[in-house]
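Source file: run_17.txt; contents: compact mmCIF, C-alpha atoms.
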# COMPACT_ATOMS: atom_id res chain seq x y z
CA MET M 1 110.65 231.77 156.30
CA THR M 2 113.34 232.50 158.82
CA ASP M 3 113.62 235.95 160.37
CA SER M 4 115.47 236.96 157.22
CA GLY M 5 112.98 235.07 155.06
CA SER M 6 110.04 236.94 156.60
CA MET M 7 111.63 240.31 155.64
CA THR M 8 112.72 239.21 152.20
CA THR M 9 111.13 240.69 149.09
CA TRP M 10 110.15 237.82 146.79
CA ASP M 11 109.85 237.98 143.01
CA PRO M 12 107.24 235.48 141.76
CA ALA M 13 108.29 235.92 138.12
CA GLN M 14 111.94 235.15 138.92
CA TYR M 15 110.93 232.16 141.05
CA LEU M 16 108.75 230.74 138.27
CA ARG M 17 111.52 230.91 135.67
CA HIS M 18 112.50 227.38 136.71
CA ALA M 19 108.99 226.23 137.59
CA ASP M 20 109.25 222.83 135.89
CA HIS M 21 112.39 221.83 137.80
CA ARG M 22 111.05 223.23 141.07
CA ALA M 23 107.70 221.44 140.74
CA ARG M 24 109.14 217.99 140.12
CA PRO M 25 110.03 217.26 143.78
CA PHE M 26 106.49 218.22 144.80
CA ALA M 27 105.07 215.72 142.32
CA ASP M 28 107.42 213.06 143.68
CA LEU M 29 106.30 213.91 147.22
CA LEU M 30 102.59 213.68 146.38
CA ALA M 31 103.13 210.33 144.68
CA ARG M 32 103.88 208.85 148.12
CA VAL M 33 100.93 210.45 149.93
CA PRO M 34 98.29 207.81 150.73
CA GLY M 35 94.54 208.23 150.48
CA LEU M 36 93.00 210.91 152.69
CA PRO M 37 90.49 210.24 155.50
CA SER M 38 87.76 212.38 153.95
CA GLU M 39 87.23 211.33 150.36
CA GLU M 40 84.25 213.58 149.59
CA ALA M 41 85.70 216.99 150.49
CA PRO M 42 89.12 216.70 152.12
CA ARG M 43 90.60 219.77 153.77
CA ILE M 44 94.21 220.53 152.76
CA ALA M 45 96.74 223.15 153.91
CA ASP M 46 99.81 224.11 151.88
CA LEU M 47 102.39 225.82 154.12
CA GLY M 48 104.57 228.24 152.18
CA CYS M 49 102.51 228.15 149.00
CA GLY M 50 104.53 230.79 147.13
CA PRO M 51 102.92 231.81 143.82
CA GLY M 52 100.38 228.98 144.07
CA ASN M 53 101.46 226.98 141.03
CA VAL M 54 102.13 223.80 143.00
CA THR M 55 99.15 224.41 145.31
CA ALA M 56 96.99 224.15 142.20
CA VAL M 57 98.45 220.68 141.62
CA LEU M 58 96.73 219.58 144.83
CA ALA M 59 93.37 220.36 143.21
CA ASP M 60 94.28 218.09 140.30
CA ARG M 61 94.99 215.21 142.70
CA TRP M 62 91.99 215.92 144.97
CA PRO M 63 89.44 217.78 142.78
CA THR M 64 86.77 218.03 145.52
CA ALA M 65 89.15 219.31 148.19
CA ARG M 66 88.96 222.58 150.11
CA ILE M 67 92.54 223.80 149.82
CA THR M 68 94.17 226.77 151.51
CA GLY M 69 97.66 227.95 150.62
CA TYR M 70 99.45 229.93 153.34
CA ASP M 71 102.39 232.30 152.85
CA ASN M 72 103.81 235.46 154.43
CA SER M 73 104.93 237.14 151.18
CA PRO M 74 102.45 239.71 149.83
CA GLU M 75 104.04 239.42 146.38
CA MET M 76 103.62 235.66 146.28
CA LEU M 77 100.06 235.78 147.63
CA ASP M 78 99.02 238.39 145.06
CA ARG M 79 100.29 236.16 142.26
CA ALA M 80 98.63 233.07 143.75
CA ARG M 81 95.26 234.78 144.20
CA THR M 82 95.30 236.32 140.73
CA GLU M 83 96.14 233.11 138.89
CA HIS M 84 94.73 230.28 141.00
CA GLU M 85 92.14 231.29 143.61
CA GLY M 86 88.53 230.25 143.26
CA PRO M 87 86.33 227.18 142.72
CA THR M 88 87.94 224.15 141.09
CA PRO M 89 86.43 222.16 138.20
CA GLY M 90 85.88 219.19 140.52
CA GLY M 91 83.69 221.16 142.92
CA GLY M 92 86.41 222.04 145.42
CA ARG M 93 87.81 225.41 146.38
CA LEU M 94 91.30 226.92 146.28
CA ASP M 95 92.04 229.87 148.59
CA PHE M 96 95.13 231.68 149.81
CA ALA M 97 95.78 233.38 153.15
CA HIS M 98 98.56 235.22 154.94
CA ALA M 99 100.25 233.22 157.70
CA ASP M 100 103.66 232.83 159.30
CA VAL M 101 104.69 229.18 159.32
CA ARG M 102 106.69 229.81 162.49
CA THR M 103 103.46 230.32 164.44
CA TRP M 104 100.68 228.84 162.28
CA ALA M 105 98.57 226.15 163.90
CA PRO M 106 95.51 224.40 162.46
CA ALA M 107 92.22 225.98 163.55
CA GLN M 108 90.32 222.92 162.30
CA PRO M 109 91.26 219.34 161.43
CA TYR M 110 93.06 218.85 158.11
CA ASP M 111 93.26 215.67 156.07
CA LEU M 112 96.60 216.76 154.62
CA ILE M 113 99.16 219.37 155.63
CA VAL M 114 101.87 219.72 153.01
CA SER M 115 104.91 221.96 152.65
CA ASN M 116 107.11 222.32 149.58
CA ALA M 117 110.61 223.82 150.01
CA THR M 118 109.61 226.11 152.87
CA LEU M 119 110.67 224.61 156.19
CA GLN M 120 114.35 225.38 155.54
CA TRP M 121 113.39 229.01 156.24
CA VAL M 122 111.96 228.11 159.67
CA PRO M 123 114.53 227.67 162.46
CA GLY M 124 113.55 224.83 164.77
CA HIS M 125 110.79 223.73 162.42
CA THR M 126 110.59 220.25 163.94
CA GLU M 127 109.26 221.93 167.09
CA ARG M 128 106.16 222.80 165.06
CA PHE M 129 105.51 219.18 164.04
CA ASP M 130 103.62 218.40 167.25
CA ASP M 131 101.01 221.13 166.64
CA TRP M 132 100.64 220.30 162.98
CA ILE M 133 100.20 216.57 163.49
CA ALA M 134 97.79 217.25 166.36
CA GLY M 135 95.80 219.29 163.85
CA LEU M 136 95.43 216.38 161.44
CA ALA M 137 92.26 214.35 161.26
CA SER M 138 92.61 210.74 162.33
CA GLY M 139 94.49 208.99 159.53
CA GLY M 140 95.61 212.31 158.04
CA THR M 141 99.02 213.00 156.52
CA PHE M 142 101.79 215.56 157.01
CA ALA M 143 104.15 215.67 154.02
CA PHE M 144 107.06 217.94 153.20
CA GLN M 145 110.22 218.29 151.15
CA VAL M 146 113.18 220.56 151.82
CA PRO M 147 116.44 221.29 149.99
CA GLY M 148 119.36 219.31 151.33
CA ASN M 149 122.09 221.08 149.39
CA PHE M 150 123.37 223.69 151.86
CA GLY M 151 126.88 222.31 151.57
CA ALA M 152 126.81 222.56 147.76
CA PRO M 153 128.97 225.17 145.98
CA SER M 154 125.91 227.29 145.17
CA HIS M 155 125.27 227.91 148.88
CA ARG M 156 128.83 227.71 150.19
CA LEU M 157 130.09 230.34 147.76
CA MET M 158 127.11 232.55 148.49
CA ARG M 159 127.82 232.42 152.23
CA GLU M 160 131.52 233.13 151.77
CA LEU M 161 130.82 236.23 149.68
CA ALA M 162 128.03 237.39 151.99
CA HIS M 163 130.43 237.36 154.93
CA THR M 164 132.74 239.76 153.05
CA THR M 165 129.88 242.29 152.90
CA GLY M 166 128.68 241.73 156.46
CA LEU M 167 125.57 239.87 155.36
CA GLY M 168 126.52 236.33 156.29
CA ASP M 169 123.93 236.11 159.06
CA LEU M 170 121.13 236.56 156.52
CA LEU M 171 121.76 233.24 154.84
CA ARG M 172 120.80 229.71 155.77
CA HIS M 173 123.57 227.40 156.93
CA ASP M 174 124.13 223.66 157.04
CA ASP M 175 121.79 223.31 160.01
CA ALA M 176 118.83 224.80 158.11
CA VAL M 177 117.53 221.26 157.64
CA LEU M 178 118.11 218.01 159.51
CA THR M 179 119.22 214.59 158.34
CA PRO M 180 116.63 212.16 156.98
CA GLU M 181 117.30 209.92 159.98
CA THR M 182 116.49 212.75 162.38
CA TYR M 183 113.25 213.58 160.60
CA LEU M 184 112.27 209.92 160.76
CA GLU M 185 112.98 209.83 164.48
CA ARG M 186 111.01 213.02 165.21
CA LEU M 187 107.96 211.93 163.21
CA THR M 188 107.77 208.40 164.56
CA ALA M 189 108.16 209.76 168.10
CA LEU M 190 104.91 211.65 167.49
CA GLY M 191 103.09 208.40 166.74
CA CYS M 192 103.21 208.60 162.96
CA THR M 193 104.06 205.99 160.38
CA ALA M 194 106.78 207.79 158.46
CA ASP M 195 108.34 207.38 155.02
CA VAL M 196 111.52 209.47 154.72
CA TRP M 197 113.97 209.52 151.81
CA GLU M 198 116.36 211.70 149.85
CA THR M 199 116.94 212.27 146.15
CA THR M 200 119.62 214.16 144.24
CA TYR M 201 118.27 215.59 141.01
CA ILE M 202 120.66 216.52 138.22
CA HIS M 203 118.88 219.43 136.59
CA LEU M 204 120.16 220.38 133.16
CA LEU M 205 119.79 224.16 133.07
CA THR M 206 120.00 226.25 129.92
CA GLY M 207 120.61 229.89 129.20
CA GLU M 208 123.29 232.31 130.35
CA ASP M 209 124.45 231.82 133.95
CA PRO M 210 121.50 229.54 134.75
CA VAL M 211 122.60 228.60 138.28
CA LEU M 212 122.75 232.28 139.19
CA ASP M 213 119.34 232.73 137.60
CA TRP M 214 118.02 229.85 139.74
CA VAL M 215 119.30 231.17 143.08
CA LYS M 216 118.07 234.69 142.32
CA GLY M 217 114.58 233.24 142.78
CA THR M 218 115.28 231.57 146.14
CA GLY M 219 118.45 231.44 148.24
CA LEU M 220 119.90 234.77 147.10
CA ARG M 221 116.73 236.74 147.85
CA PRO M 222 117.78 237.87 151.37
CA VAL M 223 121.00 239.37 150.00
CA LEU M 224 119.26 241.04 147.06
CA THR M 225 116.69 242.50 149.45
CA ALA M 226 119.30 243.77 151.90
CA LEU M 227 121.28 245.48 149.11
CA ALA M 228 118.29 246.88 147.24
CA ASP M 229 119.20 250.45 148.27
CA ASP M 230 122.88 250.00 147.39
CA PRO M 231 122.87 248.98 143.73
CA GLN M 232 126.64 249.30 143.30
CA THR M 233 127.40 246.90 146.16
CA ARG M 234 124.60 244.60 145.00
CA ASP M 235 125.89 244.45 141.43
CA ASP M 236 129.45 243.87 142.62
CA PHE M 237 128.27 241.02 144.81
CA VAL M 238 126.25 239.43 142.02
CA ASN M 239 129.12 239.72 139.53
CA ARG M 240 131.61 238.10 141.90
CA TYR M 241 129.14 235.37 142.73
CA ARG M 242 128.40 234.82 139.04
CA ASP M 243 132.11 234.34 138.26
CA ALA M 244 132.48 231.83 141.11
CA LEU M 245 129.40 229.88 139.96
CA ARG M 246 130.74 229.67 136.40
CA LYS M 247 133.81 227.85 137.72
CA ALA M 248 131.82 225.62 140.10
CA TYR M 249 129.16 224.70 137.51
CA PRO M 250 130.78 224.75 134.07
CA ALA M 251 128.45 224.67 131.10
CA GLY M 252 128.45 221.56 128.93
CA PRO M 253 127.48 221.12 125.29
CA HIS M 254 123.79 220.69 126.14
CA GLY M 255 123.44 222.90 129.21
CA THR M 256 124.71 223.29 132.77
CA PRO M 257 124.31 220.27 135.08
CA PHE M 258 123.06 221.40 138.49
CA PRO M 259 122.96 218.68 141.18
CA PHE M 260 120.29 219.39 143.78
CA ARG M 261 119.72 217.14 146.81
CA ARG M 262 116.31 217.16 148.49
CA ILE M 263 114.88 215.46 151.58
CA PHE M 264 111.31 214.14 151.68
CA ALA M 265 109.01 212.97 154.45
CA VAL M 266 105.45 211.59 154.47
CA ALA M 267 104.03 210.96 157.94
CA ARG M 268 100.60 209.41 158.52
CA LYS M 269 98.78 209.93 161.79
CA GLY M 270 97.35 206.84 163.44
CA ALA M 271 93.70 206.14 162.74
Encoded form using structure tokens:
Amino acid sequence: MTDSGSMTTWDPAQYLRHADHRARPFADLLARVPGLPSEEAPRIADLGCGPGNVTAVLADRWPTARITGYDNSPEMLDRARTEHEGPTPGGGRLDFAHADVRTWAPAQPYDLIVSNATLQWVPGHTERFDDWIAGLASGGTFAFQVPGNFGAPSHRLMRELAHTTGLGDLLRHDDAVLTPETYLERLTALGCTADVWETTYIHLLTGEDPVLDWVKGTGLRPVLTALADDPQTRDDFVNRYRDALRKAYPAGPHGTPFPFRRIFAVARKGA
């Protein structure tokens, strides 16, 4: 959700092709979220909800909750509303609304504000922490996870090729996210008790050119959007990038190993 992210055309179907791998970090994040202040009907916000598949997981964990997923992609919101919006079996409610994470601020107290692989699109996102934590109920939690792999071949090669076509400024760079230590410092400075950690997953991807297929759903979207009206240049870019990824991530006998580092933070506001 950077400037480029806000103009990017997203493809929910492409994004969901690796839904199991993408959802695992969210499950690991929620496993560290403590109990919420309001047990009867907690209010939860999901910033950057995408197609809503992981937002729906929140209703499984808190079946009586009033949950709102926020996103600025019409394509993602349409998919989320079609497949997930409405009352939940536990008596809660799942809704979706358009919002820009760069400017969104809570209009009412939330028991939990959560964000899954979104803040890397928001330059200076730690500057928003103050407003979000101020919008938590006493004892509420702010939890997020972001990719920490911007120095990996998948992103480095993408940036190098993008610069050859004049599109380098569209892509996220190493400073898209901060170090775990910096996140810990920022959150504790706001009076929170913070739990911050990192994990490198080794995803075993299958199929033809699976790493390319993965990034087509996320990091490569700004380039694909920018070249949508120039199919020849787009296809040339994708083919060159595909060849570079094949060398960087060689397939093994059981699939293609794809290391993916992520950074997690769970911050609880003082009661």
Pairwise distance for atom CA of Ala143 of chain M and atom CA of Ile113 of chain M, rounded to one decimal in Å =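 Taking atom CA of Ala143 of chain M as the start and atom CA of Ile113 of chain M as the end point, the length is 6.4 Å.
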inquiry  = Measuring between all atoms listed in the file, which one of M:Asp111, M:Arg221, M:Glu75, M:His173 shows the shortest distance to Trp62 of chain M?
reply    = M:Asp111
message = Which residues are close to Tyr249 of chain M, i.e. within 9 Å by only C-alpha atoms, leaving aside same-chain residues fewer than 3 positions away? Reply as a list in words.
response = Pro153, Ser154, Val211, Ala244, Leu245, Arg246, Thr256, Pro257 and Phe258 of chain M
Selection export as a compact mmCIF listing (two decimals), in the coordinates of the input, atoms kept: C-alpha atoms:
# COMPACT_ATOMS: atom_id res chain seq x y z
CA PRO M 153 128.97 225.17 145.98
CA SER M 154 125.91 227.29 145.17
CA VAL M 211 122.60 228.60 138.28
CA ALA M 244 132.48 231.83 141.11
CA LEU M 245 129.40 229.88 139.96
CA ARG M 246 130.74 229.67 136.40
CA THR M 256 124.71 223.29 132.77
CA PRO M 257 124.31 220.27 135.08
CA PHE M 258 123.06 221.40 138.49
Using all atoms listed in the file, what table do you get, as a tab-separated table, when you list each residue of segment 146-224 of chain M with an atom no more than 10 Å from segment 25-44 of chain M, its nearest pair of atoms, and their distance in Å rounded to one decimal, rows by chain then rising number?
residue	atom	partner	partner_atom	distance
M:Val146	CA	M:Pro25	CA	9.2
M:Pro147	CA	M:Pro25	CA	9.8
M:Asp195	CA	M:Arg32	CA	8.3
M:Trp197	CA	M:Leu29	CA	10.0
M:Thr199	CA	M:Pro25	CA	8.8
M:Tyr201	CA	M:Pro25	CA	8.9
inquiry  = Please list as a PyMOL selection string every residue within 10 Å of Arg268 of chain M, counting only C-alpha atoms and excluding residues in the same chain fewer than 6 positions away.
reply    = chain M and resi 33-34+36+111-112+133+136+138-143+187-188+191-195
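Residue nearest Gln120 of chain M within the list M:Asp100, M:Glu185, M:Asp174, M:Glu208: M:Asp174 [criterion: smallest interatomic distance, all atoms listed in the file].
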Using only C-alpha atoms, which residues sit within 9 Å of Val54 of chain M once same-chain residues fewer than 2 positions away are excluded, as a compact mmCIF listing (two decimals) with C-alpha atoms, in the frame of the given file?
# COMPACT_ATOMS: atom_id res chain seq x y z
CA ALA M 23 107.70 221.44 140.74
CA PHE M 26 106.49 218.22 144.80
CA ALA M 27 105.07 215.72 142.32
CA CYS M 49 102.51 228.15 149.00
CA GLY M 50 104.53 230.79 147.13
CA PRO M 51 102.92 231.81 143.82
CA GLY M 52 100.38 228.98 144.07
CA ALA M 56 96.99 224.15 142.20
CA VAL M 57 98.45 220.68 141.62
CA LEU M 58 96.73 219.58 144.83
CA ASN M 116 107.11 222.32 149.58
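Of the residues listed (M:Arg240, M:Pro180, M:Thr200, M:Gly69), M:Gly69 shows the shortest atom-to-atom separation from His84 of chain M; distances use all atoms listed in the file.
With all atoms listed in the file as the atoms that count, the residue of M:Ala59, M:Val114, M:Leu184, M:Val101 with the shortest distance to Ala45 of chain M is M:Val114.
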message = Report, in Å to a single decimal, how far apart atom CA of Tyr110 of chain M and atom CA of Asp78 of chain M are.
response =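 Value for the atom CA of Asp78 of chain M-atom CA of Tyr110 of chain M distance: 24.2 Å.
The nearest approach to Gly255 of chain M among the residues M:Ala228, M:Leu205, M:Met76, M:Ala271, with only C-alpha atoms taken into account, belongs to M:Leu205.
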